[in-house]
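The data block below is entry-v4.cif; it holds mmCIF, C-alpha atoms.
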data_coords
#
loop_
_atom_site.label_atom_id
_atom_site.label_comp_id
_atom_site.auth_asym_id
_atom_site.auth_seq_id
_atom_site.Cartn_x
_atom_site.Cartn_y
_atom_site.Cartn_z
CA MET A 1148 -3.88 -39.24 -2.89
CA GLU A 1149 -6.47 -37.38 -4.97
CA THR A 1150 -5.77 -33.68 -5.52
CA PRO A 1151 -8.52 -31.52 -3.95
CA GLU A 1152 -10.47 -29.47 -6.49
CA VAL A 1153 -11.62 -25.92 -5.73
CA ASN A 1154 -13.03 -23.14 -7.89
CA VAL A 1155 -10.65 -20.35 -6.88
CA VAL A 1156 -7.23 -20.16 -5.26
CA VAL A 1157 -6.06 -16.76 -4.02
CA VAL A 1158 -2.31 -16.53 -3.39
CA GLY A 1159 -1.56 -14.03 -0.61
CA GLY A 1160 -3.15 -13.44 2.78
CA GLY A 1161 -2.80 -9.68 2.91
CA ILE A 1162 -5.71 -7.25 2.70
CA ILE A 1163 -5.97 -7.46 -1.12
CA GLY A 1164 -6.01 -11.27 -1.14
CA LEU A 1165 -8.54 -11.49 1.69
CA ALA A 1166 -10.80 -8.79 0.23
CA THR A 1167 -10.66 -10.53 -3.15
CA ALA A 1168 -11.59 -13.91 -1.67
CA HIS A 1169 -14.42 -12.27 0.29
CA GLN A 1170 -15.82 -10.45 -2.75
CA ILE A 1171 -15.60 -13.52 -4.99
CA MET A 1172 -17.50 -15.52 -2.37
CA LEU A 1173 -20.20 -12.83 -2.19
CA ARG A 1174 -20.62 -12.84 -5.95
CA PHE A 1175 -20.29 -16.61 -6.43
CA PRO A 1176 -21.62 -18.11 -3.15
CA ASP A 1177 -21.68 -21.66 -4.52
CA HIS A 1178 -17.97 -21.62 -5.42
CA GLN A 1179 -15.24 -23.01 -3.20
CA VAL A 1180 -12.50 -20.45 -2.49
CA ILE A 1181 -9.22 -20.95 -0.64
CA VAL A 1182 -6.48 -18.50 0.33
CA LEU A 1183 -2.83 -19.55 0.52
CA GLU A 1184 -0.46 -17.58 2.76
CA LYS A 1185 3.19 -18.47 3.23
CA GLU A 1186 3.45 -16.82 6.67
CA LYS A 1187 2.09 -18.37 9.86
CA VAL A 1188 -0.08 -15.28 10.50
CA LEU A 1189 -2.07 -13.16 8.04
CA ALA A 1190 -1.22 -9.55 7.13
CA GLN A 1191 2.45 -9.78 8.10
CA HIS A 1192 3.83 -7.52 5.38
CA GLN A 1193 2.39 -4.41 3.70
CA SER A 1194 -1.11 -4.90 5.12
CA GLY A 1195 0.07 -4.99 8.72
CA ARG A 1196 2.86 -2.43 8.44
CA ASN A 1197 1.19 0.66 6.98
CA SER A 1198 0.21 3.88 8.73
CA GLY A 1199 -3.50 3.02 8.82
CA VAL A 1200 -4.67 6.02 6.80
CA LEU A 1201 -8.06 5.94 5.10
CA HIS A 1202 -7.25 7.85 1.92
CA SER A 1203 -9.67 10.16 0.08
CA GLY A 1204 -8.41 9.83 -3.51
CA ILE A 1205 -7.38 13.47 -3.89
CA TYR A 1206 -3.92 12.91 -5.39
CA TYR A 1207 -4.65 10.60 -8.27
CA GLN A 1208 -5.07 11.26 -11.95
CA PRO A 1209 -8.83 11.49 -12.66
CA GLY A 1210 -10.03 8.33 -14.39
CA SER A 1211 -7.08 6.25 -13.17
CA LEU A 1212 -7.65 2.94 -11.39
CA LYS A 1213 -6.34 4.54 -8.21
CA SER A 1214 -8.79 7.45 -8.28
CA ILE A 1215 -11.82 5.29 -9.10
CA ASN A 1216 -11.06 2.51 -6.64
CA CYS A 1217 -9.94 4.81 -3.85
CA ARG A 1218 -13.04 6.99 -3.88
CA GLU A 1219 -15.49 4.09 -4.01
CA GLY A 1220 -13.27 1.85 -1.87
CA ARG A 1221 -13.09 4.39 0.95
CA LEU A 1222 -16.87 4.44 1.27
CA ALA A 1223 -16.98 0.63 1.14
CA MET A 1224 -14.27 0.41 3.82
CA GLN A 1225 -16.07 2.86 6.10
CA THR A 1226 -19.31 0.87 5.75
CA PHE A 1227 -17.45 -2.40 6.40
CA CYS A 1228 -15.88 -0.97 9.55
CA GLU A 1229 -19.21 0.38 10.80
CA HIS A 1230 -20.98 -2.95 10.26
CA ASN A 1231 -18.18 -4.96 11.88
CA ASP A 1232 -17.32 -2.69 14.84
CA ILE A 1233 -13.79 -2.02 13.60
CA PRO A 1234 -12.22 1.15 15.06
CA HIS A 1235 -12.00 3.94 12.50
CA GLU A 1236 -12.36 7.70 12.37
CA VAL A 1237 -12.90 10.23 9.60
CA CYS A 1238 -10.69 12.98 11.03
CA GLY A 1239 -9.56 14.91 7.94
CA LYS A 1240 -6.06 15.87 6.84
CA VAL A 1241 -4.14 18.86 5.54
CA ILE A 1242 -1.74 18.93 2.58
CA VAL A 1243 0.67 21.75 3.29
CA ALA A 1244 2.79 24.03 1.09
CA THR A 1245 5.75 25.42 3.01
CA GLU A 1246 7.41 27.27 0.10
CA GLU A 1247 6.17 29.49 -2.74
CA ASN A 1248 7.37 27.02 -5.38
CA GLU A 1249 4.94 24.41 -4.03
CA LEU A 1250 1.80 26.50 -4.56
CA GLY A 1251 1.30 25.45 -8.18
CA ARG A 1252 1.44 21.78 -7.27
CA LEU A 1253 -0.92 22.40 -4.35
CA ASP A 1254 -3.41 24.05 -6.71
CA GLU A 1255 -3.17 21.04 -9.03
CA ILE A 1256 -3.94 18.70 -6.13
CA TYR A 1257 -6.97 20.84 -5.27
CA ARG A 1258 -8.19 20.69 -8.90
CA ARG A 1259 -7.72 16.92 -8.98
CA GLY A 1260 -9.64 16.61 -5.75
CA HIS A 1261 -12.68 18.35 -7.21
CA LYS A 1262 -12.48 16.29 -10.41
CA ASN A 1263 -12.34 13.15 -8.27
CA GLY A 1264 -15.35 14.20 -6.18
CA VAL A 1265 -13.32 14.74 -3.00
CA ASP A 1266 -14.63 17.17 -0.37
CA CYS A 1267 -11.69 19.57 0.00
CA ALA A 1268 -11.06 23.25 0.63
CA LYS A 1269 -8.18 25.72 0.24
CA LEU A 1270 -6.70 27.18 3.42
CA ASN A 1271 -4.51 30.19 4.08
CA ALA A 1272 -1.85 30.15 6.81
CA ASP A 1273 -4.22 31.32 9.55
CA GLN A 1274 -6.89 28.78 8.61
CA LEU A 1275 -4.25 26.04 8.59
CA ARG A 1276 -3.13 26.95 12.11
CA ALA A 1277 -6.75 26.79 13.30
CA ILE A 1278 -6.81 23.12 12.29
CA GLU A 1279 -3.17 22.20 13.08
CA PRO A 1280 -1.78 24.85 15.47
CA TYR A 1281 1.83 23.62 15.35
CA CYS A 1282 2.04 23.18 11.58
CA ARG A 1283 4.03 25.67 9.53
CA GLY A 1284 2.72 26.47 6.06
CA ILE A 1285 1.84 29.32 3.74
CA ALA A 1286 -1.18 27.52 2.27
CA ALA A 1287 -2.88 24.14 2.46
CA VAL A 1288 -5.69 21.97 1.20
CA HIS A 1289 -8.03 20.54 3.83
CA VAL A 1290 -9.29 17.06 2.91
CA LYS A 1291 -12.29 16.37 5.11
CA ALA A 1292 -12.89 12.77 4.02
CA ALA A 1293 -9.50 11.33 5.04
CA GLY A 1294 -9.36 9.15 8.14
CA ILE A 1295 -7.63 6.42 10.12
CA VAL A 1296 -8.39 2.74 10.63
CA ASP A 1297 -6.85 -0.49 11.94
CA TYR A 1298 -6.24 -2.47 8.73
CA ARG A 1299 -4.94 -5.49 10.61
CA ARG A 1300 -8.35 -5.76 12.30
CA VAL A 1301 -9.96 -5.45 8.87
CA CYS A 1302 -7.87 -8.39 7.67
CA PHE A 1303 -8.79 -10.56 10.63
CA ARG A 1304 -12.49 -9.82 10.19
CA LEU A 1305 -12.27 -10.66 6.47
CA CYS A 1306 -10.65 -13.94 7.49
CA GLU A 1307 -13.56 -14.71 9.83
CA LEU A 1308 -16.12 -13.94 7.11
CA ILE A 1309 -14.33 -16.16 4.59
CA LEU A 1310 -14.31 -19.06 7.04
CA GLU A 1311 -17.92 -18.46 8.13
CA ASN A 1312 -19.04 -18.65 4.51
CA GLY A 1313 -17.29 -21.94 3.81
CA GLY A 1314 -13.96 -20.74 2.44
CA GLU A 1315 -10.56 -21.98 3.57
CA ILE A 1316 -7.40 -20.15 4.60
CA HIS A 1317 -4.14 -22.08 4.63
CA THR A 1318 -1.35 -20.28 6.48
CA ASP A 1319 2.28 -21.45 6.65
CA THR A 1320 1.74 -22.74 3.11
CA GLN A 1321 4.48 -21.97 0.60
CA LEU A 1322 3.70 -21.94 -3.14
CA LEU A 1323 6.15 -24.29 -4.88
CA GLY A 1324 4.92 -24.63 -8.45
CA VAL A 1325 2.05 -24.02 -10.85
CA SER A 1326 1.08 -25.88 -14.01
CA ASN A 1327 -1.84 -25.45 -16.37
CA VAL A 1328 -3.23 -28.68 -17.84
CA SER A 1329 -6.41 -28.86 -19.93
CA ASN A 1330 -7.60 -25.49 -18.63
CA GLN A 1331 -7.20 -26.67 -15.04
CA ILE A 1332 -4.50 -25.22 -12.81
CA VAL A 1333 -2.50 -27.56 -10.58
CA ILE A 1334 -0.86 -25.80 -7.63
CA GLU A 1335 1.95 -27.44 -5.67
CA THR A 1336 2.47 -26.18 -2.12
CA SER A 1337 4.44 -27.14 0.96
CA LYS A 1338 1.18 -28.58 2.36
CA GLY A 1339 0.12 -30.55 -0.70
CA ALA A 1340 -1.45 -29.92 -4.10
CA PHE A 1341 -4.68 -28.21 -5.20
CA GLN A 1342 -6.51 -28.12 -8.51
CA THR A 1343 -8.46 -25.02 -9.47
CA SER A 1344 -10.23 -23.22 -12.30
CA LEU A 1345 -8.89 -19.77 -11.37
CA LEU A 1346 -5.75 -18.50 -9.66
CA VAL A 1347 -5.63 -14.92 -8.36
CA ASN A 1348 -2.15 -13.68 -7.54
CA CYS A 1349 -2.24 -11.18 -4.67
CA ALA A 1350 1.27 -11.95 -3.46
CA GLY A 1351 2.37 -8.33 -2.99
CA LEU A 1352 6.15 -8.24 -2.63
CA GLN A 1353 6.39 -11.59 -4.44
CA SER A 1354 3.72 -10.93 -7.09
CA ASP A 1355 6.05 -10.73 -10.11
CA ARG A 1356 7.72 -14.00 -9.10
CA VAL A 1357 4.38 -15.74 -8.68
CA ALA A 1358 3.38 -14.51 -12.15
CA LYS A 1359 6.57 -16.03 -13.59
CA MET A 1360 5.89 -19.27 -11.70
CA CYS A 1361 2.53 -19.34 -13.49
CA GLY A 1362 4.33 -19.16 -16.84
CA HIS A 1363 3.64 -15.50 -17.54
CA GLN A 1364 5.91 -12.55 -18.16
CA PRO A 1365 4.92 -9.69 -15.84
CA GLU A 1366 4.99 -6.25 -17.43
CA VAL A 1367 6.78 -4.82 -14.37
CA LYS A 1368 9.33 -5.89 -11.77
CA ILE A 1369 8.91 -5.40 -8.04
CA VAL A 1370 11.65 -3.29 -6.46
CA PRO A 1371 11.33 -3.13 -2.65
CA PHE A 1372 11.60 0.22 -0.88
CA ARG A 1373 11.82 0.21 2.90
CA GLY A 1374 9.71 2.88 4.56
CA GLU A 1375 11.30 3.96 7.83
CA TYR A 1376 9.20 5.57 10.56
CA TYR A 1377 9.52 7.33 13.88
CA GLU A 1378 6.85 7.87 16.51
CA LEU A 1379 6.48 11.08 18.45
CA SER A 1380 7.02 10.73 22.18
CA GLU A 1381 3.92 10.97 24.32
CA LYS A 1382 4.92 14.51 25.39
CA ALA A 1383 5.08 15.61 21.74
CA GLU A 1384 1.91 13.95 20.41
CA HIS A 1385 0.00 17.24 20.79
CA LEU A 1386 2.06 18.67 17.88
CA CYS A 1387 -0.20 16.81 15.42
CA ARG A 1388 -3.96 16.68 15.86
CA ASN A 1389 -4.76 14.45 12.89
CA LEU A 1390 -2.94 14.04 9.54
CA ILE A 1391 -0.34 16.43 8.09
CA TYR A 1392 1.14 15.84 4.62
CA PRO A 1393 3.59 17.82 2.49
CA VAL A 1394 2.96 18.66 -1.16
CA PRO A 1395 4.26 15.54 -2.95
CA ASP A 1396 6.78 15.51 -5.78
CA PRO A 1397 4.81 14.53 -8.93
CA ALA A 1398 7.82 12.59 -10.26
CA PHE A 1399 7.43 9.96 -7.53
CA PRO A 1400 4.52 7.79 -6.32
CA PHE A 1401 5.51 8.54 -2.71
CA LEU A 1402 3.78 11.17 -0.59
CA GLY A 1403 6.84 12.43 1.27
CA ILE A 1404 7.49 12.49 5.01
CA HIS A 1405 4.17 13.08 6.74
CA VAL A 1406 2.83 13.08 10.29
CA THR A 1407 -0.21 10.94 11.06
CA ARG A 1408 -2.19 10.12 14.16
CA THR A 1409 -3.07 6.42 14.31
CA ILE A 1410 -6.30 4.84 15.49
CA PHE A 1411 -4.39 3.77 18.63
CA GLY A 1412 -3.60 7.38 19.58
CA SER A 1413 0.12 7.40 18.72
CA VAL A 1414 1.60 9.75 16.11
CA GLU A 1415 3.80 8.40 13.31
CA CYS A 1416 6.35 10.37 11.26
CA GLY A 1417 7.61 9.11 7.90
CA PRO A 1418 8.25 7.24 5.84
CA ASN A 1419 11.73 7.68 4.57
CA ALA A 1420 12.05 5.52 1.42
CA VAL A 1421 15.27 3.62 0.64
CA LEU A 1422 16.05 0.55 -1.42
CA ALA A 1423 15.56 -2.54 0.75
CA PHE A 1424 18.23 -5.23 0.41
CA ALA A 1425 15.54 -7.88 0.88
CA ARG A 1426 11.92 -7.90 -0.25
CA GLU A 1427 10.93 -8.58 3.33
CA GLY A 1428 13.85 -6.68 4.87
CA TYR A 1429 12.49 -4.49 7.66
CA ARG A 1430 15.87 -3.70 9.24
CA LYS A 1431 18.69 -1.76 7.59
CA TRP A 1432 21.03 -4.73 7.43
CA ASP A 1433 18.53 -7.40 6.37
CA VAL A 1434 19.99 -8.82 3.15
CA ASN A 1435 18.68 -11.45 0.76
CA LEU A 1436 21.19 -11.89 -2.07
CA ARG A 1437 18.58 -13.08 -4.56
CA ASP A 1438 16.32 -10.12 -3.80
CA LEU A 1439 19.21 -7.65 -3.92
CA TRP A 1440 20.50 -8.92 -7.27
CA ASP A 1441 16.94 -8.98 -8.63
CA ALA A 1442 16.72 -5.25 -7.94
CA VAL A 1443 20.21 -3.91 -8.73
CA GLY A 1444 20.62 -6.21 -11.73
CA TYR A 1445 17.43 -4.91 -13.35
CA ARG A 1446 17.88 -2.49 -16.24
CA GLY A 1447 14.83 -0.53 -15.14
CA PHE A 1448 16.44 0.09 -11.75
CA HIS A 1449 19.66 1.29 -13.42
CA LYS A 1450 17.67 3.88 -15.37
CA LEU A 1451 15.70 4.89 -12.29
CA ALA A 1452 18.88 5.35 -10.23
CA ALA A 1453 20.63 7.32 -12.99
CA LYS A 1454 17.69 9.69 -13.38
CA HIS A 1455 16.92 10.26 -9.70
CA TRP A 1456 20.26 9.67 -7.94
CA SER A 1457 20.09 12.98 -6.04
CA VAL A 1458 16.69 12.14 -4.54
CA GLY A 1459 17.94 8.66 -3.66
CA PHE A 1460 21.00 10.13 -1.95
CA GLU A 1461 18.79 12.40 0.16
CA GLU A 1462 16.63 9.44 1.22
CA ILE A 1463 19.76 7.51 2.24
CA ARG A 1464 21.05 10.52 4.18
CA ARG A 1465 17.76 10.73 6.11
CA SER A 1466 17.95 6.99 6.75
CA TYR A 1467 21.35 7.11 8.44
CA PHE A 1468 21.24 10.55 10.04
CA GLN A 1469 18.30 11.32 12.31
CA SER A 1470 19.21 15.01 12.10
CA ALA A 1471 18.47 14.96 8.35
CA PHE A 1472 15.12 13.26 8.95
CA LEU A 1473 14.35 15.78 11.69
CA SER A 1474 15.18 18.68 9.38
CA SER A 1475 12.65 17.45 6.81
CA LEU A 1476 10.04 16.97 9.51
CA GLN A 1477 10.61 20.45 10.91
CA ARG A 1478 9.59 21.97 7.59
CA LEU A 1479 6.06 20.95 8.61
CA ILE A 1480 6.30 21.10 12.41
CA PRO A 1481 9.13 23.40 13.57
CA ALA A 1482 8.55 22.63 17.27
CA VAL A 1483 9.50 18.96 17.01
CA ARG A 1484 12.91 18.06 18.46
CA GLY A 1485 15.24 15.09 18.12
CA LYS A 1486 14.38 13.93 21.64
CA ASP A 1487 10.75 13.65 20.50
CA LEU A 1488 11.52 10.95 17.91
CA ILE A 1489 11.32 7.25 18.80
CA ALA A 1490 12.28 4.64 16.21
CA ALA A 1491 9.22 2.69 15.01
CA PRO A 1492 8.80 -0.50 12.95
CA ALA A 1493 9.52 -0.13 9.24
CA GLY A 1494 7.51 -1.35 6.28
CA VAL A 1495 8.53 -2.42 2.79
CA ARG A 1496 6.65 -1.13 -0.24
CA ALA A 1497 6.33 -3.38 -3.29
CA GLN A 1498 7.05 -0.75 -5.94
CA ALA A 1499 6.55 -1.80 -9.55
CA VAL A 1500 9.17 -0.46 -11.97
CA ARG A 1501 9.06 -0.67 -15.76
CA LYS A 1502 12.04 -1.50 -17.97
CA ASP A 1503 12.41 2.16 -18.91
CA GLY A 1504 12.93 3.08 -15.23
CA THR A 1505 9.43 4.47 -14.71
CA LEU A 1506 7.96 4.09 -11.23
CA VAL A 1507 4.44 2.80 -11.82
CA ASP A 1508 1.94 5.13 -10.14
CA ASP A 1509 -1.29 3.20 -10.75
CA PHE A 1510 -2.65 -0.20 -9.90
CA VAL A 1511 -1.59 -2.89 -12.38
CA PHE A 1512 -3.76 -5.95 -13.04
CA GLN A 1513 -2.69 -8.51 -15.64
CA LYS A 1514 -5.15 -11.17 -16.77
CA GLU A 1515 -3.87 -14.25 -18.59
CA GLY A 1516 -6.68 -16.74 -19.31
CA ASN A 1517 -7.67 -18.26 -15.97
CA PHE A 1518 -5.00 -16.31 -14.08
CA ILE A 1519 -5.33 -12.79 -12.65
CA HIS A 1520 -2.18 -11.10 -11.36
CA VAL A 1521 -2.21 -8.03 -9.11
CA LEU A 1522 1.23 -6.67 -10.00
CA ASN A 1523 1.11 -3.23 -8.42
CA ALA A 1524 -1.11 -2.33 -5.48
CA PRO A 1525 0.62 0.39 -3.46
CA SER A 1526 -1.13 3.03 -1.36
CA PRO A 1527 -4.11 3.55 -1.41
CA ALA A 1528 -4.60 -0.18 -1.95
CA ALA A 1529 -5.62 -0.87 1.66
CA THR A 1530 -8.26 1.88 1.48
CA ALA A 1531 -9.46 0.56 -1.88
CA SER A 1532 -9.11 -3.15 -1.08
CA LEU A 1533 -12.81 -4.03 -0.99
CA ASN A 1534 -13.37 -2.28 -4.28
CA ILE A 1535 -10.29 -3.94 -5.80
CA GLY A 1536 -11.69 -7.28 -4.65
CA ALA A 1537 -15.03 -6.52 -6.31
CA PHE A 1538 -13.20 -5.51 -9.51
CA ILE A 1539 -11.30 -8.81 -9.55
CA ALA A 1540 -14.53 -10.71 -8.90
CA GLU A 1541 -16.00 -9.00 -11.95
CA GLN A 1542 -12.92 -9.93 -13.99
CA SER A 1543 -13.34 -13.54 -12.82
CA ALA A 1544 -16.88 -13.90 -14.17
CA ASP A 1545 -15.94 -15.28 -17.59
CA VAL A 1546 -14.01 -18.12 -15.93
CA LEU A 1547 -16.33 -18.85 -13.01
CA ASN A 1548 -19.58 -18.69 -15.01
CA THR A 1549 -18.48 -21.45 -17.39
#
Whole structure, structure tokens version:
Amino acid sequence: METPEVNVVVVGGGIIGLATAHQIMLRFPDHQVIVLEKEKVLAQHQSGRNSGVLHSGIYYQPGSLKSINCREGRLAMQTFCEHNDIPHEVCGKVIVATEENELGRLDEIYRRGHKNGVDCAKLNADQLRAIEPYCRGIAAVHVKAAGIVDYRRVCFRLCELILENGGEIHTDTQLLGVSNVSNQIVIETSKGAFQTSLLVNCAGLQSDRVAKMCGHQPEVKIVPFRGEYYELSEKAEHLCRNLIYPVPDPAFPFLGIHVTRTIFGSVECGPNAVLAFAREGYRKWDVNLRDLWDAVGYRGFHKLAAKHWSVGFEEIRRSYFQSAFLSSLQRLIPAVRGKDLIAAPAGVRAQAVRKDGTLVDDFVFQKEGNFIHVLNAPSPAATASLNIGAFIAEQSADVLNT
């Protein structure tokens, strides 16, 4: 049987893969694009298991890929949602200092926000309570541009647009092997082979493995962290009007336990972040021995654990003792009680770690000839996905214009 030839193969049917396929098709309308997804349904992992926040770009180092793509990507996402009748709301959020020693970091976030062009304002305790009456804090930054959205709906609409414009999406299709012969890429899958001029790796939790399958050495390794959430009971939902965040620790690319209203009206609390024993392990006792050894056998993880063991211990304590989680949450909202917390589905974050133990805090794209690998796309990747897709389309031009 003759191997089908296409111009572009995108590996991964999450929001980054779908946005990339969509943007490549907009830029190169005469090119054939297909998306390969190993699951039976799209957006089953990070894209369908996040808190649905539309981020503003306030936290990120000015000039970084995160800051640039988040700011422009948020506007693109809002426009996309408006044009496609996808539920979303720009509701604003507060970043709250609860202790004096957090004020310096809060001021730095405010300065970054202005450098990044984010509409934000400083609040005193009284002003904070006017916005979030049940929130405890001595100062805050109000970020007016933040919002909420249903990213799963975004993914499904992107899927429809890809199909309407002549693209293909192959679900339940496992990538088995990749070879590069005479500048043409041959892709072996569980549903047959494809030949292509360009492969874009948007495999998320499996992105470093896909890069290795393509014959490349990724500059980072994916270490999975499970984000554990609770929902507030219906009687306690009034304790949070919109989005409440703590001042994050600058040593980590996590934003700390926060409280966020979703587009569906529920209120989520979390996430707690602990090492997952499987890259797709959403329950505490989900174990994949290959995934576990890949993480704990990695020198970069050893250095990370040695440097930040106390923080890791605290995350584990919150994972196994609801009282510890509740205590952290009550720093922001003292009125919340244990009876108000309902266990909610967890997510797993694909966190890139370098060999020196550094947690990578920016997007990482690695281009190797006619391969493009997205090796780190944590939050705010969903917010920035359309802009990331446009960036990858631009990076594809030298291959697709030949």
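Comparing the minimum interatomic distances between Glu1462 (chain A) and each of A:Arg1373, A:Leu1379, A:Glu1186, A:Pro1525, counting all atoms listed in the file, we find that A:Arg1373 sits nearest.
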Selection dump of the PyMOL selection byres ((chain A and resi 1419-1425) around 7), as number ranges by chain: A: 1371-1376, 1404, 1417-1418, 1426-1428, 1433-1435, 1438-1439, 1462-1463, 1465-1466
Spatial neighbours of Gln1364 (chain A), 10 Å, all atoms listed in the file, chain gap at least 4 places, as a ChimeraX atom specification: /A:1355-1356,1358-1360,1368,1513,1515
Using only C-alpha atoms, please write the residues we just selected to a file, as a compact mmCIF listing (two decimals), in the coordinates of the input.
# COMPACT_ATOMS: atom_id res chain seq x y z
CA ASP A 1355 6.05 -10.73 -10.11
CA ARG A 1356 7.72 -14.00 -9.10
CA ALA A 1358 3.38 -14.51 -12.15
CA LYS A 1359 6.57 -16.03 -13.59
CA MET A 1360 5.89 -19.27 -11.70
CA LYS A 1368 9.33 -5.89 -11.77
CA GLN A 1513 -2.69 -8.51 -15.64
CA GLU A 1515 -3.87 -14.25 -18.59
Selection under test: the PyMOL selection byres ((chain A and resi 1319-1332) around 12); residues as number ranges by chain: A: 1150-1160, 1181-1189, 1191, 1316-1318, 1333-1348, 1350, 1353-1354, 1356-1363, 1515-1518, 1546, 1549
With C-alpha atoms kept, could you save the residues just selected as a JSON list (two decimals), in the coordinates of the input?
[["chain", "number", "residue", "atom", "x", "y", "z"],
["A", 1150, "THR", "CA", -5.77, -33.68, -5.52],
["A", 1151, "PRO", "CA", -8.52, -31.52, -3.95],
["A", 1152, "GLU", "CA", -10.47, -29.47, -6.49],
["A", 1153, "VAL", "CA", -11.62, -25.92, -5.73],
["A", 1154, "ASN", "CA", -13.03, -23.14, -7.89],
["A", 1155, "VAL", "CA", -10.65, -20.35, -6.88],
["A", 1156, "VAL", "CA", -7.23, -20.16, -5.26],
["A", 1157, "VAL", "CA", -6.06, -16.76, -4.02],
["A", 1158, "VAL", "CA", -2.31, -16.53, -3.39],
["A", 1159, "GLY", "CA", -1.56, -14.03, -0.61],
["A", 1160, "GLY", "CA", -3.15, -13.44, 2.78],
["A", 1181, "ILE", "CA", -9.22, -20.95, -0.64],
["A", 1182, "VAL", "CA", -6.48, -18.50, 0.33],
["A", 1183, "LEU", "CA", -2.83, -19.55, 0.52],
["A", 1184, "GLU", "CA", -0.46, -17.58, 2.76],
["A", 1185, "LYS", "CA", 3.19, -18.47, 3.23],
["A", 1186, "GLU", "CA", 3.45, -16.82, 6.67],
["A", 1187, "LYS", "CA", 2.09, -18.37, 9.86],
["A", 1188, "VAL", "CA", -0.08, -15.28, 10.50],
["A", 1189, "LEU", "CA", -2.07, -13.16, 8.04],
["A", 1191, "GLN", "CA", 2.45, -9.78, 8.10],
["A", 1316, "ILE", "CA", -7.40, -20.15, 4.60],
["A", 1317, "HIS", "CA", -4.14, -22.08, 4.63],
["A", 1318, "THR", "CA", -1.35, -20.28, 6.48],
["A", 1333, "VAL", "CA", -2.50, -27.56, -10.58],
["A", 1334, "ILE", "CA", -0.86, -25.80, -7.63],
["A", 1335, "GLU", "CA", 1.95, -27.44, -5.67],
["A", 1336, "THR", "CA", 2.47, -26.18, -2.12],
["A", 1337, "SER", "CA", 4.44, -27.14, 0.96],
["A", 1338, "LYS", "CA", 1.18, -28.58, 2.36],
["A", 1339, "GLY", "CA", 0.12, -30.55, -0.70],
["A", 1340, "ALA", "CA", -1.45, -29.92, -4.10],
["A", 1341, "PHE", "CA", -4.68, -28.21, -5.20],
["A", 1342, "GLN", "CA", -6.51, -28.12, -8.51],
["A", 1343, "THR", "CA", -8.46, -25.02, -9.47],
["A", 1344, "SER", "CA", -10.23, -23.22, -12.30],
["A", 1345, "LEU", "CA", -8.89, -19.77, -11.37],
["A", 1346, "LEU", "CA", -5.75, -18.50, -9.66],
["A", 1347, "VAL", "CA", -5.63, -14.92, -8.36],
["A", 1348, "ASN", "CA", -2.15, -13.68, -7.54],
["A", 1350, "ALA", "CA", 1.27, -11.95, -3.46],
["A", 1353, "GLN", "CA", 6.39, -11.59, -4.44],
["A", 1354, "SER", "CA", 3.72, -10.93, -7.09],
["A", 1356, "ARG", "CA", 7.72, -14.00, -9.10],
["A", 1357, "VAL", "CA", 4.38, -15.74, -8.68],
["A", 1358, "ALA", "CA", 3.38, -14.51, -12.15],
["A", 1359, "LYS", "CA", 6.57, -16.03, -13.59],
["A", 1360, "MET", "CA", 5.89, -19.27, -11.70],
["A", 1361, "CYS", "CA", 2.53, -19.34, -13.49],
["A", 1362, "GLY", "CA", 4.33, -19.16, -16.84],
["A", 1363, "HIS", "CA", 3.64, -15.50, -17.54],
["A", 1515, "GLU", "CA", -3.87, -14.25, -18.59],
["A", 1516, "GLY", "CA", -6.68, -16.74, -19.31],
["A", 1517, "ASN", "CA", -7.67, -18.26, -15.97],
["A", 1518, "PHE", "CA", -5.00, -16.31, -14.08],
["A", 1546, "VAL", "CA", -14.01, -18.12, -15.93],
["A", 1549, "THR", "CA", -18.48, -21.45, -17.39]]
Selection result of the PyMOL selection byres ((chain A and resi 1487) around 6) on this file, as number ranges by chain: A: 1379-1380, 1484-1486, 1488
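Using only C-alpha atoms, the shortest contact distance between Ala1383 (chain A) and any of A:Val1290, A:Ile1489, A:Arg1252, A:Cys1349 is found at A:Ile1489.
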Nearest to Asn1197 (chain A) by atom-to-atom distance, counting all atoms listed in the file, from A:Glu1229, A:Asp1297, A:Asp1441, A:Asp1545: A:Asp1297
Contact residues around Val1288 (chain A) with all atoms listed in the file at 9 Å, ignoring same-chain residues under 3 positions, as number ranges by chain: A: 1240-1244, 1253-1254, 1256-1257, 1267-1271, 1275
Distance in Å - CA of Ile1285 (chain A) versus CA of Gln1477 (chain A): 14.4 Å
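Here CA of Lys1291 (chain A) and CA of Ser1475 (chain A) stand 25.0 Å from one another.
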Contacts of Thr1409 (chain A) at 8 Å (all atoms listed in the file; same-chain gap of 2+ positions) as a PyMOL selection string: chain A and resi 1198-1200+1295-1296+1407+1411-1415
With C-alpha atoms kept, could you save the residues just selected as a short mmCIF file (atom, residue, chain, number, x, y, z; two decimals), in the coordinates of the input?
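Final output, saved to part.cif:
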data_model
loop_
_atom_site.label_atom_id
_atom_site.label_comp_id
_atom_site.auth_asym_id
_atom_site.auth_seq_id
_atom_site.Cartn_x
_atom_site.Cartn_y
_atom_site.Cartn_z
CA SER A 1198 0.21 3.88 8.73
CA GLY A 1199 -3.50 3.02 8.82
CA VAL A 1200 -4.67 6.02 6.80
CA ILE A 1295 -7.63 6.42 10.12
CA VAL A 1296 -8.39 2.74 10.63
CA THR A 1407 -0.21 10.94 11.06
CA PHE A 1411 -4.39 3.77 18.63
CA GLY A 1412 -3.60 7.38 19.58
CA SER A 1413 0.12 7.40 18.72
CA VAL A 1414 1.60 9.75 16.11
CA GLU A 1415 3.80 8.40 13.31
#
